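Notes follow once the structure below has been shown.
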Amino acid sequence: MSIDEIRNLEILDITYNFLTGSVPASLYNMSALTYLGMATNNLVGELPHNIGYTLPSIQTLIMQGNQFQGQIPTSLANTTNLQVINLRNNAFHGIVPSFGILPSLVDLNLGKNQLEAGDWSFLSSLTNCTQLVNLRLDANILQGVLPSVVAGLSKSIEVLLLRSNKISGTIPHEIEHLTGLKLLYMERNLLTGNLPESIGNLPNLFVLSLSQNKFSGQIPLSVGNLSQLSELYLQENSLSGPIPEALGDCKKLHILNLSCNSFNGSIPKELFTLSDLSEGLDLSHNQLSGEIPMEIGELINLGPLNISYNQLSGQIPSTLGQCVQLESLHMEGNRLHGRIPQSFVNLRGITVMDLSQNNLTGEIPEFLKLFKSMKLLNLSFNNLEGSVPRPRRGGGCGGRIPTATECLGAADGRARGPCPVSLVAGGGRRRGFGGSPTTSEIHVVRRRCGGWGPLLFQKRWGALGCRGGGGGRVVGSA
């Protein structure tokens, strides 16, 4: 409490500690303070209602990551030198105050509280803050229609976070006026309607995240104008129509997620010209059809690829083996046929490969046993033949794995006909059966007596045990 005796103290920063309890009232009376940082502690209590008068010189107020509660004092709007207000991740409630008379406000971060929008007049007032760069209001309980006045915010604004609220209505087409915008996060709301064509007029947009809303219609062709776009998230909406070829003009895309919509038609080969695409391409759970373009092999930097649960047909392109950076490959739930390409031998760094629920035929490739990083291999519900690959001792499956002969009791060790084979090695997910296998488990799924059932081989105390389940039966022993 004696800190307040330092009359000329201008900067007080006590962030990242383990301080508890309430803040001494006298600290809020230190009129010379220009910087007050208390973030990331365990402090409690309410802010004084007159804080804007008792800290007249304050420029930066950072109280993020505590347990402060109550309403945000409206008197903060009277601290005319205030540039940064960061009250993120607390328990403040009530309507967001109007800060429109703060001419120097640059950063307003009120995310992860329990704040409400009221009549959205606070947003109208912020249009007077001509220096505003960052506005974060995510993870509150803002609701109601997003007013078009949002487009009247400062042209200098670069970050707009409104995600995880209950905002409804459409994205105003006037959004194009925010030409300085770099990060736009509006996912997990109740937004509806079409994506505005004007969204393509944001030349500096780096991240566009609109997932988990109720958008419908097609992706506007203007999205191809977003030459700086690095991340695009549109998953879990009701978007439809073809995937626009114009996305191929977004040459700086690192991640593209269009999953869980109703896109149809073929996959445009232009997507596979995005050589910077490295962090993920997810087109799963749509209605895409046709063959996978051979150009897919141009995604030489891609890590995760998910095109599962569509209506894709034809063979798996051999060129996919050129994508040597692949970490995970999901192609399950399609209509693919033919053999597993020999070129897959080059995918030595892959950890997850799921080709299940297709019409694949031919031998299970012997080279799969060389994939030491593999955690999940699912080949079930196909028409594959051949012996179950036996990983080398000390590999990703925790040692020696029994062959099909040893546990399925087959005369020649072959899994023939329509009997699919699923291998799930350590750390992966046991799809369809729940739970997670240990590092020494492998599952072989075969149709036996009219039902599907896993045969679980589990290494325990140096011995191998065998048990059945799910309507199947154990044949033989190990």
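Following the order of the structure tokens, chains are lettered A, B, ..., residues in each are numbered from 1, and ligands are numbered from 1.
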
Applying 6 Å and only C-alpha atoms, which residues near Gly94 in chain A remain after dropping the ones on its own chain fewer than 3 positions away? List them as a PyMOL selection string. chain A and resi 71+115-116

The selected residues should be written to file as an mmCIF file, in the first residue's frame (atoms: all heavy atoms).
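Now in part.cif:
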```
data_model
loop_
_atom_site.group_PDB
_atom_site.id
_atom_site.type_symbol
_atom_site.label_atom_id
_atom_site.label_comp_id
_atom_site.auth_asym_id
_atom_site.auth_seq_id
_atom_site.Cartn_x
_atom_site.Cartn_y
_atom_site.Cartn_z
ATOM 1 N N GLN A 71 -18.894 -3.599 -13.681
ATOM 2 C CA GLN A 71 -19.002 -2.918 -14.962
ATOM 3 C C GLN A 71 -17.740 -2.112 -15.250
ATOM 4 O O GLN A 71 -17.034 -1.681 -14.331
ATOM 5 C CB GLN A 71 -20.225 -2.012 -14.967
ATOM 6 C CG GLN A 71 -21.538 -2.772 -14.815
ATOM 7 C CD GLN A 71 -22.750 -1.898 -15.069
ATOM 8 O OE1 GLN A 71 -22.627 -0.754 -15.499
ATOM 9 N NE2 GLN A 71 -23.930 -2.438 -14.820
ATOM 10 N N LEU A 115 -19.651 -9.107 -21.660
ATOM 11 C CA LEU A 115 -20.169 -7.808 -22.070
ATOM 12 C C LEU A 115 -21.275 -7.943 -23.114
ATOM 13 O O LEU A 115 -21.297 -8.894 -23.903
ATOM 14 C CB LEU A 115 -19.031 -6.960 -22.627
ATOM 15 C CG LEU A 115 -17.903 -6.665 -21.626
ATOM 16 C CD1 LEU A 115 -16.722 -6.019 -22.320
ATOM 17 C CD2 LEU A 115 -18.415 -5.785 -20.487
ATOM 18 N N GLU A 116 -22.175 -6.982 -23.116
ATOM 19 C CA GLU A 116 -23.299 -6.957 -24.050
ATOM 20 C C GLU A 116 -23.192 -5.747 -24.975
ATOM 21 O O GLU A 116 -22.511 -4.761 -24.668
ATOM 22 C CB GLU A 116 -24.611 -6.913 -23.274
ATOM 23 C CG GLU A 116 -24.803 -8.074 -22.297
ATOM 24 C CD GLU A 116 -26.032 -7.893 -21.437
ATOM 25 O OE1 GLU A 116 -27.078 -7.490 -21.986
ATOM 26 O OE2 GLU A 116 -25.945 -8.126 -20.211
#
```

Per residue of range 179-225 of chain A within 8 Å of range 158-167 of chain A, record the nearest atom pair and its distance in Å to one decimal, counting only C-alpha atoms, with rows in chain order and ascending residue number, as a Markdown table.
```
| residue | atom | partner | partner_atom | distance |
| --- | --- | --- | --- | --- |
| A:Gly180 | CA | A:Glu158 | CA | 5.5 |
| A:Leu181 | CA | A:Glu158 | CA | 4.1 |
| A:Lys182 | CA | A:Glu158 | CA | 4.9 |
| A:Leu183 | CA | A:Val159 | CA | 4.8 |
| A:Leu184 | CA | A:Leu160 | CA | 5.2 |
| A:Tyr185 | CA | A:Leu161 | CA | 4.9 |
| A:Met186 | CA | A:Arg163 | CA | 4.2 |
| A:Glu187 | CA | A:Arg163 | CA | 4.8 |
| A:Arg188 | CA | A:Ser164 | CA | 4.7 |
| A:Asn189 | CA | A:Lys166 | CA | 5.0 |
| A:Leu190 | CA | A:Ile167 | CA | 5.5 |
| A:Leu191 | CA | A:Ile167 | CA | 6.4 |
```

Counting only C-alpha atoms, which residues of range 63-125 of chain A fall within 7 Å of range 134-145 of chain A, and what is the closest atom pair for each with its distance in Å at one decimal, ordered by chain and rising number, as a Markdown table?
```
| residue | atom | partner | partner_atom | distance |
| --- | --- | --- | --- | --- |
| A:Val106 | CA | A:Asn134 | CA | 6.5 |
| A:Asp107 | CA | A:Asn134 | CA | 4.7 |
| A:Leu108 | CA | A:Leu135 | CA | 5.1 |
| A:Asn109 | CA | A:Arg136 | CA | 4.7 |
| A:Leu110 | CA | A:Leu137 | CA | 5.3 |
| A:Gly111 | CA | A:Leu137 | CA | 4.5 |
| A:Lys112 | CA | A:Ala139 | CA | 4.6 |
| A:Asn113 | CA | A:Asn140 | CA | 5.3 |
| A:Gln114 | CA | A:Asn140 | CA | 4.9 |
| A:Leu115 | CA | A:Asn140 | CA | 5.3 |
| A:Glu116 | CA | A:Leu142 | CA | 4.6 |
| A:Ala117 | CA | A:Leu142 | CA | 4.9 |
```

Restrict the selected residues to N, CA, C and O atoms and save them as a short mmCIF file (atom, residue, chain, number, x, y, z; two decimals), in the first residue's frame.
```cif
data_model
loop_
_atom_site.label_atom_id
_atom_site.label_comp_id
_atom_site.auth_asym_id
_atom_site.auth_seq_id
_atom_site.Cartn_x
_atom_site.Cartn_y
_atom_site.Cartn_z
N VAL A 106 -5.82 3.65 -29.56
CA VAL A 106 -5.22 2.81 -30.60
C VAL A 106 -5.65 1.36 -30.45
O VAL A 106 -5.94 0.68 -31.43
N ASP A 107 -5.71 0.88 -29.20
CA ASP A 107 -5.96 -0.53 -28.94
C ASP A 107 -7.03 -0.67 -27.87
O ASP A 107 -6.83 -0.23 -26.72
N LEU A 108 -8.18 -1.29 -28.23
CA LEU A 108 -9.25 -1.55 -27.28
C LEU A 108 -9.49 -3.05 -27.26
O LEU A 108 -9.96 -3.64 -28.23
N ASN A 109 -9.13 -3.69 -26.15
CA ASN A 109 -9.24 -5.14 -26.02
C ASN A 109 -10.13 -5.48 -24.83
O ASN A 109 -9.70 -5.38 -23.68
N LEU A 110 -11.36 -5.89 -25.13
CA LEU A 110 -12.33 -6.24 -24.09
C LEU A 110 -12.78 -7.69 -24.25
O LEU A 110 -13.81 -8.10 -23.71
N GLY A 111 -12.02 -8.49 -24.97
CA GLY A 111 -12.39 -9.86 -25.24
C GLY A 111 -12.45 -10.74 -24.00
O GLY A 111 -11.85 -10.44 -22.96
N LYS A 112 -13.19 -11.84 -24.11
CA LYS A 112 -13.32 -12.85 -23.05
C LYS A 112 -13.81 -12.25 -21.74
O LYS A 112 -13.20 -12.40 -20.68
N ASN A 113 -14.93 -11.55 -21.82
CA ASN A 113 -15.65 -11.09 -20.65
C ASN A 113 -17.11 -11.48 -20.81
O ASN A 113 -17.41 -12.48 -21.49
N GLN A 114 -18.01 -10.76 -20.19
CA GLN A 114 -19.44 -11.06 -20.29
C GLN A 114 -20.20 -9.80 -20.70
O GLN A 114 -21.25 -9.48 -20.18
N LEU A 115 -19.65 -9.11 -21.66
CA LEU A 115 -20.17 -7.81 -22.07
C LEU A 115 -21.27 -7.94 -23.11
O LEU A 115 -21.30 -8.89 -23.90
N GLU A 116 -22.18 -6.98 -23.12
CA GLU A 116 -23.30 -6.96 -24.05
C GLU A 116 -23.19 -5.75 -24.98
O GLU A 116 -22.51 -4.76 -24.67
N ALA A 117 -23.90 -5.85 -26.10
CA ALA A 117 -23.84 -4.77 -27.08
C ALA A 117 -24.86 -3.68 -26.84
O ALA A 117 -24.67 -2.53 -27.26
#
```
